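Content type PDB, C-alpha atoms, from the file coords16.pdb:
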ATOM      1  CA  VAL A 239      74.066 -16.872 -62.682  1.00  0.00           C
ATOM      2  CA  ALA A 240      72.495 -16.818 -66.132  1.00  0.00           C
ATOM      3  CA  GLY A 241      70.156 -19.602 -65.061  1.00  0.00           C
ATOM      4  CA  LEU A 242      69.145 -17.656 -62.007  1.00  0.00           C
ATOM      5  CA  LEU A 243      68.476 -14.567 -64.064  1.00  0.00           C
ATOM      6  CA  TRP A 244      66.459 -16.531 -66.572  1.00  0.00           C
ATOM      7  CA  PHE A 245      64.444 -18.060 -63.829  1.00  0.00           C
ATOM      8  CA  SER A 246      63.727 -14.646 -62.381  1.00  0.00           C
ATOM      9  CA  GLU A 247      62.677 -13.226 -65.739  1.00  0.00           C
ATOM     10  CA  GLN A 248      60.577 -16.227 -66.711  1.00  0.00           C
ATOM     11  CA  GLN A 249      58.878 -16.631 -63.335  1.00  0.00           C
ATOM     12  CA  PRO A 250      55.206 -15.725 -63.837  1.00  0.00           C
ATOM     13  CA  PRO A 251      54.058 -12.781 -61.739  1.00  0.00           C
ATOM     14  CA  THR A 252      52.794 -13.666 -58.365  1.00  0.00           C
ATOM     15  CA  GLN A 253      49.056 -12.920 -57.862  1.00  0.00           C
ATOM     16  CA  LEU A 254      48.008 -11.141 -54.670  1.00  0.00           C
ATOM     17  CA  LEU A 255      44.890 -12.781 -53.386  1.00  0.00           C
ATOM     18  CA  VAL A 256      42.644 -10.758 -51.048  1.00  0.00           C
ATOM     19  CA  SER A 257      39.924 -12.598 -49.264  1.00  0.00           C
ATOM     20  CA  PRO A 258      36.516 -10.923 -49.408  1.00  0.00           C
ATOM     21  CA  PRO A 259      35.589  -9.287 -46.161  1.00  0.00           C
ATOM     22  CA  THR A 260      33.592 -11.361 -43.835  1.00  0.00           C
ATOM     23  CA  GLU A 261      30.092 -10.303 -42.978  1.00  0.00           C
ATOM     24  CA  THR A 262      31.287  -9.164 -39.587  1.00  0.00           C
ATOM     25  CA  GLU A 263      33.988  -6.981 -41.094  1.00  0.00           C
ATOM     26  CA  ALA A 264      31.835  -5.480 -43.855  1.00  0.00           C
ATOM     27  CA  TYR A 265      28.675  -4.810 -41.854  1.00  0.00           C
ATOM     28  CA  SER A 266      29.778  -4.240 -38.339  1.00  0.00           C
ATOM     29  CA  ALA A 267      26.880  -3.165 -36.150  1.00  0.00           C
ATOM     30  CA  GLU A 268      29.209  -1.019 -34.117  1.00  0.00           C
ATOM     31  CA  GLU A 269      30.111   2.266 -35.765  1.00  0.00           C
ATOM     32  CA  PRO A 270      33.664   3.497 -35.406  1.00  0.00           C
ATOM     33  CA  GLU A 271      34.429   5.742 -32.531  1.00  0.00           C
ATOM     34  CA  VAL A 272      34.936   9.401 -33.350  1.00  0.00           C
ATOM     35  CA  ARG A 273      37.093  11.732 -31.342  1.00  0.00           C
ATOM     36  CA  PHE A 274      37.132  15.477 -31.356  1.00  0.00           C
ATOM     37  CA  ASP A 275      38.698  18.282 -29.405  1.00  0.00           C
ATOM     38  CA  LEU A 276      36.262  20.521 -27.546  1.00  0.00           C
ATOM     39  CA  LEU A 277      39.012  22.995 -26.769  1.00  0.00           C
ATOM     40  CA  PRO A 278      42.439  23.443 -28.414  1.00  0.00           C
ATOM     41  CA  ASP A 279      44.414  21.758 -25.655  1.00  0.00           C
ATOM     42  CA  ALA A 280      44.554  18.025 -25.414  1.00  0.00           C
ATOM     43  CA  ASP A 281      43.166  17.978 -21.866  1.00  0.00           C
ATOM     44  CA  HIS A 282      39.681  18.676 -23.155  1.00  0.00           C
ATOM     45  CA  GLN A 283      38.766  15.797 -25.406  1.00  0.00           C
ATOM     46  CA  ALA A 284      35.550  13.883 -25.696  1.00  0.00           C
ATOM     47  CA  SER A 285      34.739  10.729 -27.592  1.00  0.00           C
ATOM     48  CA  PHE A 286      31.410   9.459 -28.709  1.00  0.00           C
ATOM     49  CA  ALA A 287      29.885   7.250 -31.348  1.00  0.00           C
ATOM     50  CA  PRO A 288      27.735   8.767 -34.104  1.00  0.00           C
ATOM     51  CA  GLY A 289      24.142   9.098 -32.981  1.00  0.00           C
ATOM     52  CA  GLN A 290      25.206   9.907 -29.425  1.00  0.00           C
ATOM     53  CA  THR A 291      25.770  13.326 -27.875  1.00  0.00           C
ATOM     54  CA  PRO A 292      28.704  14.211 -25.646  1.00  0.00           C
ATOM     55  CA  ALA A 293      26.280  15.879 -23.288  1.00  0.00           C
ATOM     56  CA  GLY A 294      28.372  15.549 -20.163  1.00  0.00           C
ATOM     57  CA  GLU A 295      31.541  16.990 -21.700  1.00  0.00           C
ATOM     58  CA  ILE A 296      29.753  19.890 -23.418  1.00  0.00           C
ATOM     59  CA  ALA A 297      27.629  20.727 -20.405  1.00  0.00           C
ATOM     60  CA  GLU A 298      30.710  20.815 -18.189  1.00  0.00           C
ATOM     61  CA  GLU A 299      32.567  23.230 -20.462  1.00  0.00           C
ATOM     62  CA  THR A 300      29.740  25.437 -21.775  1.00  0.00           C
ATOM     63  CA  GLY A 301      26.974  25.085 -19.209  1.00  0.00           C
ATOM     64  CA  ILE A 302      24.557  23.875 -21.913  1.00  0.00           C
ATOM     65  CA  ALA A 303      23.603  20.227 -22.077  1.00  0.00           C
ATOM     66  CA  GLY A 304      23.698  18.319 -25.343  1.00  0.00           C
ATOM     67  CA  ARG A 305      20.779  16.767 -27.142  1.00  0.00           C
ATOM     68  CA  GLY A 306      21.095  13.624 -25.116  1.00  0.00           C
ATOM     69  CA  GLU A 307      19.756  15.384 -22.007  1.00  0.00           C
ATOM     70  CA  ASP A 308      17.590  18.113 -23.607  1.00  0.00           C
ATOM     71  CA  LYS A 309      18.351  20.634 -20.879  1.00  0.00           C
ATOM     72  CA  LEU A 310      18.072  24.396 -21.290  1.00  0.00           C
ATOM     73  CA  PRO A 311      19.417  27.231 -19.150  1.00  0.00           C
ATOM     74  CA  PRO A 312      16.939  28.274 -16.438  1.00  0.00           C
ATOM     75  CA  ALA A 313      14.530  31.017 -17.523  1.00  0.00           C
ATOM     76  CA  PRO A 314      15.189  34.415 -15.932  1.00  0.00           C
ATOM     77  CA  GLU A 315      12.917  35.311 -13.063  1.00  0.00           C
ATOM     78  CA  THR A 316      10.264  37.881 -13.938  1.00  0.00           C
ATOM     79  CA  ALA A 317       9.044  40.551 -11.567  1.00  0.00           C
ATOM     80  CA  PRO A 318       5.396  40.225 -10.469  1.00  0.00           C
ATOM     81  CA  ALA A 319       2.983  42.311 -12.523  1.00  0.00           C
ATOM     82  CA  ALA A 320       2.216  45.686 -10.990  1.00  0.00           C
ATOM     83  CA  GLU A 321      -1.315  46.114  -9.672  1.00  0.00           C
ATOM     84  CA  ALA A 322      -3.475  48.196 -11.996  1.00  0.00           C
ATOM     85  CA  GLU A 323      -4.186  51.746 -10.834  1.00  0.00           C
ATOM     86  CA  PRO A 324      -7.847  52.240  -9.844  1.00  0.00           C
ATOM     87  CA  LEU A 325      -9.519  54.599 -12.304  1.00  0.00           C
ATOM     88  CA  CYS A 326     -12.925  56.082 -12.990  1.00  0.00           C
ATOM     89  CA  THR A 327     -14.549  58.276 -15.642  1.00  0.00           C
ATOM     90  CA  LEU A 328     -15.677  61.823 -14.924  1.00  0.00           C
ATOM     91  CA  SER A 329     -17.722  64.084 -17.182  1.00  0.00           C
ATOM     92  CA  VAL A 330     -19.272  67.520 -16.620  1.00  0.00           C
ATOM     93  CA  ARG A 331     -21.853  68.719 -19.147  1.00  0.00           C
ATOM     94  CA  CYS A 332     -24.209  71.654 -19.590  1.00  0.00           C
ATOM     95  CA  ASP A 333     -25.999  70.693 -22.842  1.00  0.00           C
ATOM     96  CA  MET A 334     -29.479  71.673 -21.610  1.00  0.00           C
ATOM     97  CA  VAL A 335     -28.589  75.288 -20.935  1.00  0.00           C
ATOM     98  CA  LEU A 336     -27.550  75.829 -24.549  1.00  0.00           C
ATOM     99  CA  ASP A 337     -31.244  75.779 -25.523  1.00  0.00           C
ATOM    100  CA  LYS A 338     -31.986  78.380 -22.842  1.00  0.00           C
ATOM    101  CA  ALA A 339     -29.505  80.981 -24.024  1.00  0.00           C
ATOM    102  CA  ASP A 340     -32.247  83.621 -24.179  1.00  0.00           C
ATOM    103  CA  GLN A 341     -33.001  83.050 -20.482  1.00  0.00           C
ATOM    104  CA  VAL A 342     -29.404  83.096 -19.208  1.00  0.00           C
ATOM    105  CA  HIS A 343     -27.198  86.119 -18.766  1.00  0.00           C
ATOM    106  CA  ALA A 344     -24.970  86.617 -21.794  1.00  0.00           C
ATOM    107  CA  ASP A 345     -21.798  86.773 -19.689  1.00  0.00           C
ATOM    108  CA  ILE A 346     -22.562  83.287 -18.337  1.00  0.00           C
ATOM    109  CA  MET A 347     -23.298  81.844 -21.765  1.00  0.00           C
ATOM    110  CA  THR A 348     -20.048  83.098 -23.268  1.00  0.00           C
ATOM    111  CA  ARG A 349     -18.184  80.946 -20.730  1.00  0.00           C
ATOM    112  CA  GLN A 350     -19.960  77.727 -21.719  1.00  0.00           C
ATOM    113  CA  PRO A 351     -18.519  75.386 -24.378  1.00  0.00           C
ATOM    114  CA  ALA A 352     -20.421  75.256 -27.636  1.00  0.00           C
ATOM    115  CA  ASP A 353     -20.774  71.457 -27.445  1.00  0.00           C
ATOM    116  CA  GLY A 354     -21.797  71.443 -23.792  1.00  0.00           C
ATOM    117  CA  ASN A 355     -18.728  69.440 -22.718  1.00  0.00           C
ATOM    118  CA  VAL A 356     -17.215  71.256 -19.739  1.00  0.00           C
ATOM    119  CA  PHE A 357     -14.877  68.409 -18.779  1.00  0.00           C
ATOM    120  CA  PHE A 358     -14.244  64.769 -19.638  1.00  0.00           C
ATOM    121  CA  SER A 359     -11.643  62.169 -18.621  1.00  0.00           C
ATOM    122  CA  ASP A 360     -11.860  58.396 -18.677  1.00  0.00           C
ATOM    123  CA  SER A 361      -8.679  57.955 -16.640  1.00  0.00           C
ATOM    124  CA  VAL A 362      -9.284  59.755 -13.351  1.00  0.00           C
ATOM    125  CA  SER A 363      -7.228  58.253 -10.530  1.00  0.00           C
ATOM    126  CA  LEU A 364      -9.150  57.077  -7.486  1.00  0.00           C
ATOM    127  CA  GLU A 365      -7.753  57.581  -4.014  1.00  0.00           C
ATOM    128  CA  ASP A 366      -8.778  55.826  -0.822  1.00  0.00           C
ATOM    129  CA  GLY A 367     -12.129  57.129   0.423  1.00  0.00           C
ATOM    130  CA  ASP A 368     -12.938  59.035  -2.763  1.00  0.00           C
ATOM    131  CA  THR A 369     -16.532  60.122  -3.293  1.00  0.00           C
ATOM    132  CA  ALA A 370     -18.194  61.657  -6.315  1.00  0.00           C
ATOM    133  CA  PHE A 371     -17.677  65.043  -4.667  1.00  0.00           C
ATOM    134  CA  THR A 372     -13.965  64.674  -3.849  1.00  0.00           C
ATOM    135  CA  VAL A 373     -13.195  63.474  -7.375  1.00  0.00           C
ATOM    136  CA  LEU A 374     -15.086  66.421  -8.920  1.00  0.00           C
ATOM    137  CA  GLN A 375     -13.420  68.904  -6.585  1.00  0.00           C
ATOM    138  CA  ARG A 376      -9.917  67.571  -7.251  1.00  0.00           C
ATOM    139  CA  GLU A 377     -10.309  67.373 -11.037  1.00  0.00           C
ATOM    140  CA  MET A 378     -11.886  70.840 -11.365  1.00  0.00           C
ATOM    141  CA  ARG A 379      -9.043  72.329  -9.367  1.00  0.00           C
ATOM    142  CA  ALA A 380      -6.433  70.491 -11.466  1.00  0.00           C
ATOM    143  CA  ALA A 381      -8.086  71.627 -14.728  1.00  0.00           C
ATOM    144  CA  GLY A 382      -8.493  75.222 -13.567  1.00  0.00           C
ATOM    145  CA  ILE A 383     -12.290  75.101 -13.892  1.00  0.00           C
ATOM    146  CA  HIS A 384     -14.354  77.243 -11.530  1.00  0.00           C
ATOM    147  CA  MET A 385     -16.421  75.343  -8.967  1.00  0.00           C
ATOM    148  CA  GLU A 386     -18.371  76.426  -5.900  1.00  0.00           C
ATOM    149  CA  SER A 387     -20.073  74.232  -3.300  1.00  0.00           C
ATOM    150  CA  SER A 388     -21.600  74.403   0.139  1.00  0.00           C
ATOM    151  CA  PHE A 389     -21.509  71.938   2.999  1.00  0.00           C
ATOM    152  CA  THR A 390     -24.203  71.108   5.548  1.00  0.00           C
ATOM    153  CA  PRO A 391     -22.633  69.565   8.680  1.00  0.00           C
ATOM    154  CA  ALA A 392     -25.949  68.351  10.048  1.00  0.00           C
ATOM    155  CA  TYR A 393     -26.333  66.067   7.048  1.00  0.00           C
ATOM    156  CA  ASN A 394     -22.610  65.661   6.325  1.00  0.00           C
ATOM    157  CA  SER A 395     -23.582  66.685   2.833  1.00  0.00           C
ATOM    158  CA  ALA A 396     -21.960  68.776   0.095  1.00  0.00           C
ATOM    159  CA  TYR A 397     -24.045  70.613  -2.480  1.00  0.00           C
ATOM    160  CA  ILE A 398     -22.788  71.811  -5.867  1.00  0.00           C
ATOM    161  CA  GLU A 399     -23.849  75.426  -6.342  1.00  0.00           C
ATOM    162  CA  GLY A 400     -21.991  76.229  -9.547  1.00  0.00           C
ATOM    163  CA  ILE A 401     -19.481  74.860 -12.064  1.00  0.00           C
ATOM    164  CA  ASN A 402     -17.779  76.910 -14.792  1.00  0.00           C
ATOM    165  CA  HIS A 403     -19.676  80.013 -13.580  1.00  0.00           C
ATOM    166  CA  LEU A 404     -23.023  78.314 -14.246  1.00  0.00           C
ATOM    167  CA  TYR A 405     -25.129  78.272 -11.049  1.00  0.00           C
ATOM    168  CA  GLU A 406     -28.397  76.827  -9.865  1.00  0.00           C
ATOM    169  CA  MET A 407     -31.433  78.776 -11.061  1.00  0.00           C
ATOM    170  CA  ASP A 408     -29.431  80.574 -13.749  1.00  0.00           C
ATOM    171  CA  ALA A 409     -31.779  78.960 -16.299  1.00  0.00           C
ATOM    172  CA  GLY A 410     -34.958  78.964 -14.234  1.00  0.00           C
ATOM    173  CA  GLU A 411     -36.288  77.809 -10.878  1.00  0.00           C
ATOM    174  CA  LEU A 412     -35.819  74.123 -11.733  1.00  0.00           C
ATOM    175  CA  SER A 413     -32.251  74.459 -12.966  1.00  0.00           C
ATOM    176  CA  GLY A 414     -29.103  73.316 -11.201  1.00  0.00           C
ATOM    177  CA  TRP A 415     -26.415  70.626 -11.057  1.00  0.00           C
ATOM    178  CA  LEU A 416     -27.225  66.946 -10.599  1.00  0.00           C
ATOM    179  CA  TYR A 417     -25.005  63.892 -10.742  1.00  0.00           C
ATOM    180  CA  ALA A 418     -25.296  60.288 -11.828  1.00  0.00           C
ATOM    181  CA  VAL A 419     -23.117  57.205 -11.410  1.00  0.00           C
ATOM    182  CA  ASN A 420     -23.206  54.644 -14.200  1.00  0.00           C
ATOM    183  CA  GLY A 421     -26.248  56.419 -15.646  1.00  0.00           C
ATOM    184  CA  VAL A 422     -28.328  56.293 -12.461  1.00  0.00           C
ATOM    185  CA  SER A 423     -29.081  58.936  -9.848  1.00  0.00           C
ATOM    186  CA  PRO A 424     -27.781  57.406  -6.573  1.00  0.00           C
ATOM    187  CA  GLY A 425     -30.364  59.128  -4.348  1.00  0.00           C
ATOM    188  CA  VAL A 426     -27.753  60.462  -1.917  1.00  0.00           C
ATOM    189  CA  ALA A 427     -25.566  63.560  -1.844  1.00  0.00           C
ATOM    190  CA  CYS A 428     -22.455  63.375  -4.026  1.00  0.00           C
ATOM    191  CA  SER A 429     -20.279  63.642  -0.900  1.00  0.00           C
ATOM    192  CA  ALA A 430     -21.885  60.479   0.469  1.00  0.00           C
ATOM    193  CA  TYR A 431     -21.393  58.259  -2.570  1.00  0.00           C
ATOM    194  CA  ALA A 432     -18.167  56.220  -2.383  1.00  0.00           C
ATOM    195  CA  LEU A 433     -16.741  55.434  -5.813  1.00  0.00           C
ATOM    196  CA  GLU A 434     -15.323  52.140  -7.020  1.00  0.00           C
ATOM    197  CA  PRO A 435     -12.813  51.470  -9.817  1.00  0.00           C
ATOM    198  CA  GLY A 436     -14.540  51.551 -13.189  1.00  0.00           C
ATOM    199  CA  ASP A 437     -17.402  53.843 -12.125  1.00  0.00           C
ATOM    200  CA  SER A 438     -18.579  56.482 -14.580  1.00  0.00           C
ATOM    201  CA  VAL A 439     -19.544  59.748 -12.847  1.00  0.00           C
ATOM    202  CA  ALA A 440     -21.440  62.509 -14.654  1.00  0.00           C
ATOM    203  CA  PHE A 441     -22.337  65.970 -13.333  1.00  0.00           C
ATOM    204  CA  LEU A 442     -25.124  67.374 -15.496  1.00  0.00           C
ATOM    205  CA  TYR A 443     -26.792  70.762 -15.569  1.00  0.00           C
ATOM    206  CA  THR A 444     -30.558  70.395 -15.670  1.00  0.00           C
ATOM    207  CA  CYS A 445     -33.165  73.001 -16.532  1.00  0.00           C
ATOM    208  CA  ASP A 446     -36.093  70.815 -15.436  1.00  0.00           C
ATOM    209  CA  MET A 447     -35.177  69.114 -12.158  1.00  0.00           C
ATOM    210  CA  GLY A 448     -33.475  66.205 -13.937  1.00  0.00           C
ATOM    211  CA  ARG A 449     -36.239  65.245 -16.325  1.00  0.00           C
ATOM    212  CA  ASP A 450     -34.483  66.819 -19.323  1.00  0.00           C
ATOM    213  CA  VAL A 451     -31.297  64.800 -18.678  1.00  0.00           C
ATOM    214  CA  GLY A 452     -33.102  61.523 -18.038  1.00  0.00           C
ATOM    215  CA  LEU A 453     -32.616  61.397 -14.268  1.00  0.00           C
ATOM    216  CA  ASN A 454     -35.234  60.549 -11.664  1.00  0.00           C
ATOM    217  CA  VAL A 455     -34.143  62.669  -8.736  1.00  0.00           C
ATOM    218  CA  ALA A 456     -35.053  61.063  -5.408  1.00  0.00           C
ATOM    219  CA  TYR A 457     -33.523  63.582  -2.993  1.00  0.00           C
TER     220      TYR A 457
END

So, in terms of structure tokens, how does the structure I just supplied come out?
Amino acid sequence: VAGLLWFSEQQPPTQLLVSPPTETEAYSAEEPEVRFDLLPDADHQASFAPGQTPAGEIAEETGIAGRGEDKLPPAPETAPAAEAEPLCTLSVRCDMVLDKADQVHADIMTRQPADGNVFFSDSVSLEDGDTAFTVLQREMRAAGIHMESSFTPAYNSAYIEGINHLYEMDAGELSGWLYAVNGVSPGVACSAYALEPGDSVAFLYTCDMGRDVGLNVAY
């Protein structure tokens, strides 16, 4: 027994030899598989290697594909753009009569604006079949501005007699209301001129048959 004990005590410690890892073990080209739980229960598990995306599993559960497929939810459908409302510009001015105040009845002059601007709007709605006359008539009525006109059936023509209590010949024999579209006298009665979107219509009071407002009247 003593010999056995002595042998045990005197026996040099055994060395544990570990072989160096082989190249295959140390530098494996295949990365270890990683597992994760998409949802808490074990029935929803997906496995993938780093660098890959569990696109199928995620898409099935969330409706959004992973990076591997680069898919996005469909964009919501947008309603078609509404068609722009047809508009025109309408102005009514009496600038020329302001210089003739001594020739016009005082009651008429007190009704006229000091800057000559009787009416202006750059957003007048156009309706089907609108003419320069129908637009003027509708806007004057809506604004509460006095207007008087006459109509000649033989010529299917409307004539503007007075606007804002200012009538033809109030400032002389050559005075009265004229109109222009886009800066030009159309050469036809205002009731015969069909307007288009974007037109600029001006009714101007002249004291000299249009020459003082830059219009060449051809009718």

For the file shown, report as number ranges by chain the outcome of the PyMOL selection byres ((chain A and resi 413-416) around 7) at residue level. A: 398, 405-412, 417, 441-447

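We find atom CA of A:Ala440 and atom CA of A:Ala392 to be spaced 25.8 Å apart.
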
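Picture a line from atom CA of A:Ala339 to atom CA of A:Asp353; it runs 13.4 Å.
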
Evaluate the PyMOL selection byres ((chain A and resi 383) around 10) against this structure - the residues, as a ChimeraX atom specification, please. /A:356-357,375,377-382,384-385,401-403

Could you pull the residues within 7 Å of A:Leu364, counting only C-alpha atoms, minus those fewer than 4 positions along the same chain, as a PyMOL selection string? chain A and resi 324-326+368

Given the file shown, enumerate the residues that the PyMOL selection byres ((chain A and resi 422) around 12) captures and present them as a PyMOL selection string. chain A and resi 416-421+423-426+437-442+448+451-456

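What separates atom CA of A:Glu323 from atom CA of A:Glu434 is a distance of 11.8 Å.
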
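Candidate residues A:Ala396, A:Ala352, A:Ala317, A:Val373 were compared for distance to A:Arg331, and the nearest is A:Ala352, using only C-alpha atoms.
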
With distances taken over all atoms listed in the file, which of A:Gln350, A:Ser363, A:Gln341, A:Thr369 is nearest to A:Ser429? A:Thr369

So which one's closest to A:Tyr393, A:Asp366, A:Gly354, A:Arg376, A:Ala427? Using all atoms listed in the file, please. A:Ala427
